[in-house]
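Worksheet for the structure shown next.
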Protein chains: 2
Amino acid sequence: MKKLINDPRDARREFLAGLALAHADILRVCLEPVYVVRADAPVQGKTGIVSGGGSGHEPMHAGFVGRGMLDAACPGEVFTSPTPDQIEAATLAVNGGAGVLHIVKNYTGDIMNFEMAAELCQARGVEVRAVVINDDVAVEDSLFTAGRRGVGTTVLAEKLCGAAAQRGCDLARVEEVCRKVNQNGRSMGMALTSCTVPAAGKPTFDLDPDEMEMGIGIHGEPGRERIPLLPARELTARMAATVVADLPFRSGDNVIAMVNGLGGTPLMELYLVYGELERILRGLGIRVARRLVGNYITSLEMAGCSITLLKADDEMLSLWDDPVVTAGLRWGM
Amino acid sequence: MKKLINDPRDARREFLAGLALAHADILRVCLEPVYVVRADAPVQGKTGIVSGGGSGHEPMHAGFVGRGMLDAACPGEVFTSPTPDQIEAATLAVNGGAGVLHIVKNYTGDIMNFEMAAELCQARGVEVRAVVINDDVAVEDSLFTAGRRGVGTTVLAEKLCGAAAQRGCDLARVEEVCRKVNQNGRSMGMALTSCTVPAAGKPTFDLDPDEMEMGIGIHGEPGRERIPLLPARELTARMAATVVADLPFRSGDNVIAMVNGLGGTPLMELYLVYGELERILRGLGIRVARRLVGNYITSLEMAGCSITLLKADDEMLSLWDDPVVTAGLRWGM
């Protein structure tokens with residue numbers, strides 16, 4: 001296993017130690033239990049936002065903690081749900097008296113542990129609401145998931161809800177923004193290679209040199225099909241068609257589009273795919289009003305990409321443009 | 001070859017088409033000859049800054065075009081020097097009457113072509129100065145290079161010179177900043193895997209599953225030695241010791257530190273290495289005053305990292321903090 005780590009058992013803790021040293025102006029890291037929190041938490045009177053999930057998807061979620069995005073993130077071990085005590089501690093740490101929204105990706109372990117944590121917090125008098133993101137159009141009822149998996153739309157939800165909370169929106173309103181984003185966001189991914197979980201020491205799955213997997217999950221869960229390698233134009237067209245048909249996105253829609261790398265794909269390729277995607281959408285009369293191209297929700301060193309489209313109204317576009325200062329996403333300040 | 005491209009011969013052009021669509025607010029792409037230029041170029045009265053080199057190192061350089069950094073970038077084919085006509089056209093396009101600085105990485109082809117372009121521009125009445133970056137402490141006289149290669153310090157030089165030019169510094173002053181940065185910056189890289197140039201279709205070199213290459217070049221040029229895999233702590237210590245001893249960096253120094261991913265290494269690992277590096281530097285009495293952790297000067301999908309240290313005075317730290325708005329680096333606006 002070729003990784004820049006020491007003991008795999010220490011990888012999460014040591015990653016977070018480096019994150020804390022690098023971004024002391026933005027965030028703090030607590031280790032007992034493990035969570036990452038805004039340097040200025042709790043912000044009195046502000047709706048708190050907490051997300052979390054397995055590590056290995058960076059910058060999501062720890063890299064999205066900061067002004068205008070998340071108040072806290074709960075990183076589990078690599079590809080492993082965070083535990084209820086992590087989520088409870090993070091929620092209490094960011095509670096500024098206005099309640100806390102949990103943004104949860106739809107994986108059975110995550111759902112269960114966020115629910116347990118929410119109950120524990122509510123028993124302590126903290127109001128908690130939760131929104132489950134389930135935007136992956138590839139498959140229904142995957143490994144680890146009942147229903148659709150939560151993937152790229154999570155990044156957009158965290159940005160938009162973070163902006164709403166920073167503006168002073170109350171918990172009900174921030175929850176409403178999150179539901180709207182989830183309802184209007186759709187994603188699909190594809191992989192060229194597998195990745196290796198440090199504790200496992202070997203690739204999660206095998207792909208032949210001439211095949212790729214369409215509809216891959218962010219933990220390497222099986223997708224829709226394994227097919228021979230396709231040129232970028234054709235694979236982007238296939239993914240875009242599936243995503244567009246699902247909502248469906250229609251001529252005249254404004255979208256926020258994300259072309260996301262899974263970790264091991266050069267930026268050159270991601271921009272090339274973005275070019276293909278925007279041309280396809282223009283042909284359908286769909287306007288890309290805002291976009292992200294890069295590594296935002298990754299699967300360690302997996303090669304491949306995902307496409308996320310969010311049908312965006314004026315409020316969403318305005319929230320998108322609000323300042324954000326995190327390790328992984330930053331503009332406007 | 002597993003890549004998100006169409007025909008390898010079109011990869012550069014199609015990457016740039018996507019870049020232009022994604023960042024029309026920041027930059028424009030010209031295709032005959034190929035260069036990337038600030039959307040508002042030329043800025044009258046401002047010292048222009050042009051860099052360039054082979055594609056495949058993104059976000060460097062095209063991703064660093066924008067307010068507070070480069071005025072233009074000249075992307076060659078993958079790992080191939082840009083041609084003089086590209087550099088000439090870019091230089092003329094950004095000339096606002098105050099002259100243009102060329103920031104050139106020390107590779108023989110780059111040097112030759114930037115020199116030819118500078119002569120062509122000077123013949124047309126545009127004042128051009130050039131600074132060659134040669135910060136790689138790993139090896140002397142590598143493949144493609146006489147002397148030391150130019151690597152990570154280039155990113156820092158582009159940021160700091162870009163800030164100086166944006167403040168209104170004249171060509172001589174911006175050139176002076178660039179020389180100071182090059183004199184005080186040192187880098188070293190290591191690779192866990194090779195990468196595949198699209199036009200070649202096979203890995204540039206081979207590394208056994210249990211070995212890594214210390215001192216690798218950004219095009220896969222041989223480093224100092226191939227050694228068995230080391231834990232992150234030990235390999236960071238080795239690289240840091242080599243870099244620190246070279247300038248040398250001393251107790252009491254302030255540095256800007258970069259832990260840079262070569263393209264295929266997860267952010268988790270880069271932050272882990274950053275944590276190791278900062279602890280080592282603290283132990284030596286060297287203060288990390290600013291830092292970058294992420295993929296900034298890459299080698300396609302190569303797994304590995306590089307470390308860059310720049311001994312920074314107050315002027316450099318102040319220039320560092322100035323706003324920058326590019327596809328690959330953004331803060332303060």
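Ordering of the structure tokens sets the chain letters (A, B, ...); residue numbers start at 1 within each chain; ligands are numbered from 1 in the order shown.
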
Exercise for the section: Compile the contact shell of B:Thr236 as a PyMOL selection string: residues with an atom at most 10 Å away, counting only C-alpha atoms, same-chain residues fewer than 2 positions apart removed. Expected result: (chain A and resi 4) or (chain B and resi 189-190+230-234+238-242+272-277+280+305-307)

Selected residues written out, N, CA and C atoms, as a PDB file, in the first residue's frame:
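To be explicit, this is the file written out as selection_3.pdb:
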```
ATOM      1  N   LEU A   4       0.993   8.189   2.009  1.00  0.00           N
ATOM      2  CA  LEU A   4       1.795   9.082   2.847  1.00  0.00           C
ATOM      3  C   LEU A   4       1.200   9.119   4.248  1.00  0.00           C
TER       4      LEU A   4
ATOM      5  N   GLY B 189      10.780  17.007  -3.924  1.00  0.00           N
ATOM      6  CA  GLY B 189       9.598  16.172  -4.109  1.00  0.00           C
ATOM      7  C   GLY B 189       9.908  14.693  -3.995  1.00  0.00           C
ATOM      8  N   MET B 190       8.848  13.897  -3.885  1.00  0.00           N
ATOM      9  CA  MET B 190       8.996  12.436  -3.868  1.00  0.00           C
ATOM     10  C   MET B 190       7.751  11.828  -4.510  1.00  0.00           C
ATOM     11  N   LEU B 230       8.749   4.500   2.984  1.00  0.00           N
ATOM     12  CA  LEU B 230       8.967   4.986   4.348  1.00  0.00           C
ATOM     13  C   LEU B 230       7.648   5.505   4.902  1.00  0.00           C
ATOM     14  N   PRO B 231       7.493   5.480   6.217  1.00  0.00           N
ATOM     15  CA  PRO B 231       6.337   6.161   6.813  1.00  0.00           C
ATOM     16  C   PRO B 231       6.431   7.660   6.540  1.00  0.00           C
ATOM     17  N   ALA B 232       5.271   8.312   6.570  1.00  0.00           N
ATOM     18  CA  ALA B 232       5.221   9.752   6.275  1.00  0.00           C
ATOM     19  C   ALA B 232       6.157  10.541   7.185  1.00  0.00           C
ATOM     20  N   ARG B 233       6.258  10.137   8.442  1.00  0.00           N
ATOM     21  CA  ARG B 233       7.090  10.895   9.384  1.00  0.00           C
ATOM     22  C   ARG B 233       8.535  10.918   8.917  1.00  0.00           C
ATOM     23  N   GLU B 234       9.013   9.745   8.509  1.00  0.00           N
ATOM     24  CA  GLU B 234      10.423   9.644   8.140  1.00  0.00           C
ATOM     25  C   GLU B 234      10.695  10.305   6.786  1.00  0.00           C
ATOM     26  N   ARG B 238      13.166  13.460   6.121  1.00  0.00           N
ATOM     27  CA  ARG B 238      14.278  13.448   5.158  1.00  0.00           C
ATOM     28  C   ARG B 238      14.208  14.612   4.192  1.00  0.00           C
ATOM     29  N   MET B 239      13.004  14.847   3.656  1.00  0.00           N
ATOM     30  CA  MET B 239      12.871  15.946   2.694  1.00  0.00           C
ATOM     31  C   MET B 239      13.108  17.278   3.383  1.00  0.00           C
ATOM     32  N   ALA B 240      12.522  17.437   4.571  1.00  0.00           N
ATOM     33  CA  ALA B 240      12.670  18.706   5.285  1.00  0.00           C
ATOM     34  C   ALA B 240      14.136  18.965   5.614  1.00  0.00           C
ATOM     35  N   ALA B 241      14.850  17.938   6.042  1.00  0.00           N
ATOM     36  CA  ALA B 241      16.264  18.122   6.400  1.00  0.00           C
ATOM     37  C   ALA B 241      17.060  18.580   5.186  1.00  0.00           C
ATOM     38  N   THR B 242      16.781  17.994   4.040  1.00  0.00           N
ATOM     39  CA  THR B 242      17.509  18.353   2.816  1.00  0.00           C
ATOM     40  C   THR B 242      17.200  19.792   2.412  1.00  0.00           C
ATOM     41  N   LEU B 272      -1.578  15.384   6.599  1.00  0.00           N
ATOM     42  CA  LEU B 272      -0.778  14.593   7.527  1.00  0.00           C
ATOM     43  C   LEU B 272       0.704  14.960   7.376  1.00  0.00           C
ATOM     44  N   VAL B 273       1.164  15.053   6.148  1.00  0.00           N
ATOM     45  CA  VAL B 273       2.559  15.445   5.902  1.00  0.00           C
ATOM     46  C   VAL B 273       2.798  16.875   6.403  1.00  0.00           C
ATOM     47  N   TYR B 274       1.813  17.754   6.180  1.00  0.00           N
ATOM     48  CA  TYR B 274       1.978  19.126   6.663  1.00  0.00           C
ATOM     49  C   TYR B 274       2.168  19.157   8.183  1.00  0.00           C
ATOM     50  N   GLY B 275       1.390  18.339   8.874  1.00  0.00           N
ATOM     51  CA  GLY B 275       1.525  18.268  10.336  1.00  0.00           C
ATOM     52  C   GLY B 275       2.928  17.836  10.746  1.00  0.00           C
ATOM     53  N   GLU B 276       3.438  16.836  10.060  1.00  0.00           N
ATOM     54  CA  GLU B 276       4.807  16.384  10.349  1.00  0.00           C
ATOM     55  C   GLU B 276       5.803  17.516  10.086  1.00  0.00           C
ATOM     56  N   LEU B 277       5.613  18.190   8.952  1.00  0.00           N
ATOM     57  CA  LEU B 277       6.556  19.247   8.568  1.00  0.00           C
ATOM     58  C   LEU B 277       6.549  20.384   9.581  1.00  0.00           C
ATOM     59  N   ILE B 280       8.415  19.473  12.706  1.00  0.00           N
ATOM     60  CA  ILE B 280       9.869  19.453  12.490  1.00  0.00           C
ATOM     61  C   ILE B 280      10.425  20.881  12.502  1.00  0.00           C
ATOM     62  N   CYS B 305       4.346  13.877  -3.165  1.00  0.00           N
ATOM     63  CA  CYS B 305       4.209  15.256  -2.709  1.00  0.00           C
ATOM     64  C   CYS B 305       5.537  15.971  -2.827  1.00  0.00           C
ATOM     65  N   SER B 306       5.494  17.257  -2.688  1.00  0.00           N
ATOM     66  CA  SER B 306       6.725  18.036  -2.588  1.00  0.00           C
ATOM     67  C   SER B 306       6.577  19.028  -1.454  1.00  0.00           C
ATOM     68  N   ILE B 307       7.710  19.435  -0.946  1.00  0.00           N
ATOM     69  CA  ILE B 307       7.767  20.424   0.124  1.00  0.00           C
ATOM     70  C   ILE B 307       8.540  21.625  -0.398  1.00  0.00           C
TER      71      ILE B 307
END
```

Handout entry: strand (DSSP E or B) residues, from DSSP on the backbone, in stretch 31-262 of chain A, as a ChimeraX atom specification
Key = /A:31,34-38,48-55,65,67,70,72-78,100-105,128-133,136,185-191,196,203,211-214,225-228,254-261

Output as an mmCIF file with C-alpha atoms, in the first residue's frame the set of chain B residues within 8 Å of chain A, with distances taken over only C-alpha atoms.
```
data_model
loop_
_atom_site.group_PDB
_atom_site.id
_atom_site.type_symbol
_atom_site.label_atom_id
_atom_site.label_comp_id
_atom_site.auth_asym_id
_atom_site.auth_seq_id
_atom_site.Cartn_x
_atom_site.Cartn_y
_atom_site.Cartn_z
ATOM 1 C CA MET B 1 -4.602 4.344 -20.635
ATOM 2 C CA LYS B 2 -7.359 5.458 -18.272
ATOM 3 C CA LYS B 3 -8.015 9.149 -18.753
ATOM 4 C CA LEU B 4 -11.021 11.420 -19.028
ATOM 5 C CA ILE B 5 -10.069 12.719 -22.457
ATOM 6 C CA ASN B 6 -11.083 12.288 -26.083
ATOM 7 C CA ASP B 7 -8.211 12.216 -28.576
ATOM 8 C CA ALA B 11 -6.534 17.250 -24.678
ATOM 9 C CA ARG B 12 -4.833 20.621 -24.201
ATOM 10 C CA GLU B 14 -10.327 20.832 -24.789
ATOM 11 C CA PHE B 15 -9.011 21.398 -21.277
ATOM 12 C CA LEU B 16 -8.601 25.086 -22.066
ATOM 13 C CA ALA B 17 -12.072 25.277 -23.592
ATOM 14 C CA GLY B 18 -13.497 23.964 -20.316
ATOM 15 C CA LEU B 19 -11.352 26.345 -18.292
ATOM 16 C CA LEU B 21 -16.228 28.275 -19.927
ATOM 17 C CA ALA B 22 -15.811 27.782 -16.186
ATOM 18 C CA GLY B 56 -0.215 18.652 -16.922
ATOM 19 C CA GLU B 58 -2.476 22.290 -13.217
ATOM 20 C CA PRO B 59 -3.516 24.484 -11.556
ATOM 21 C CA LEU B 192 4.953 6.884 -4.944
ATOM 22 C CA PRO B 209 5.021 -1.692 -5.295
ATOM 23 C CA ASP B 210 7.399 -1.394 -2.340
ATOM 24 C CA LEU B 229 8.602 2.856 1.230
ATOM 25 C CA PRO B 231 6.337 6.161 6.813
ATOM 26 C CA ALA B 232 5.221 9.752 6.275
ATOM 27 C CA ARG B 233 7.090 10.895 9.384
ATOM 28 C CA GLY B 263 -2.008 15.051 -8.383
ATOM 29 C CA GLY B 264 -2.934 11.570 -7.184
ATOM 30 C CA THR B 265 -2.491 11.955 -3.437
ATOM 31 C CA PRO B 266 -5.503 12.454 -1.150
ATOM 32 C CA LEU B 267 -5.767 15.694 0.805
ATOM 33 C CA MET B 268 -5.832 13.634 4.008
ATOM 34 C CA GLU B 269 -2.270 12.528 3.330
ATOM 35 C CA LEU B 270 -1.090 16.012 2.378
ATOM 36 C CA TYR B 271 -2.381 17.456 5.644
ATOM 37 C CA LEU B 272 -0.778 14.593 7.527
ATOM 38 C CA VAL B 273 2.559 15.445 5.902
ATOM 39 C CA TYR B 274 1.978 19.126 6.663
ATOM 40 C CA GLY B 275 1.525 18.268 10.336
ATOM 41 C CA GLU B 276 4.807 16.384 10.349
ATOM 42 C CA GLU B 278 5.338 21.968 10.889
ATOM 43 C CA ARG B 291 1.206 27.947 4.268
ATOM 44 C CA LEU B 292 -0.447 26.182 1.345
ATOM 45 C CA VAL B 293 -1.545 22.542 1.491
ATOM 46 C CA LEU B 300 -0.885 14.654 -13.895
ATOM 47 C CA GLU B 301 -2.060 11.802 -11.646
ATOM 48 C CA GLY B 304 3.494 11.816 -4.077
ATOM 49 C CA ARG B 330 -8.302 32.663 -4.269
ATOM 50 C CA TRP B 331 -8.646 34.778 -1.182
ATOM 51 C CA GLY B 332 -9.294 38.236 0.037
ATOM 52 C CA MET B 333 -12.017 39.169 -2.450
#
```

Exercise for the section: Identify, on the basis of only C-alpha atoms, every residue whose closest approach to A:Val255 does not exceed 9 Å; exclude the query and any residue fewer than 3 positions from it along the same chain; express the result as a PyMOL selection string. Expected result: chain A and resi 249+286-291+309-313+317

Exercise for the section: For B:Arg186, list every protein, DNA or RNA residue within 7 Å, evaluated using only C-alpha atoms, and leave out those in the same chain fewer than 4 positions away; present the list as an MDAnalysis selection string. Expected result: chainID B and resid 135:137 153 243 308:310

Exercise for the section: From the DSSP assignment of the backbone, select every residue of stretch 30-230 of chain A that is alpha helix (DSSP H), and format the answer as number ranges by chain. Expected result: A: 84-94, 108-123, 153-167, 171-184
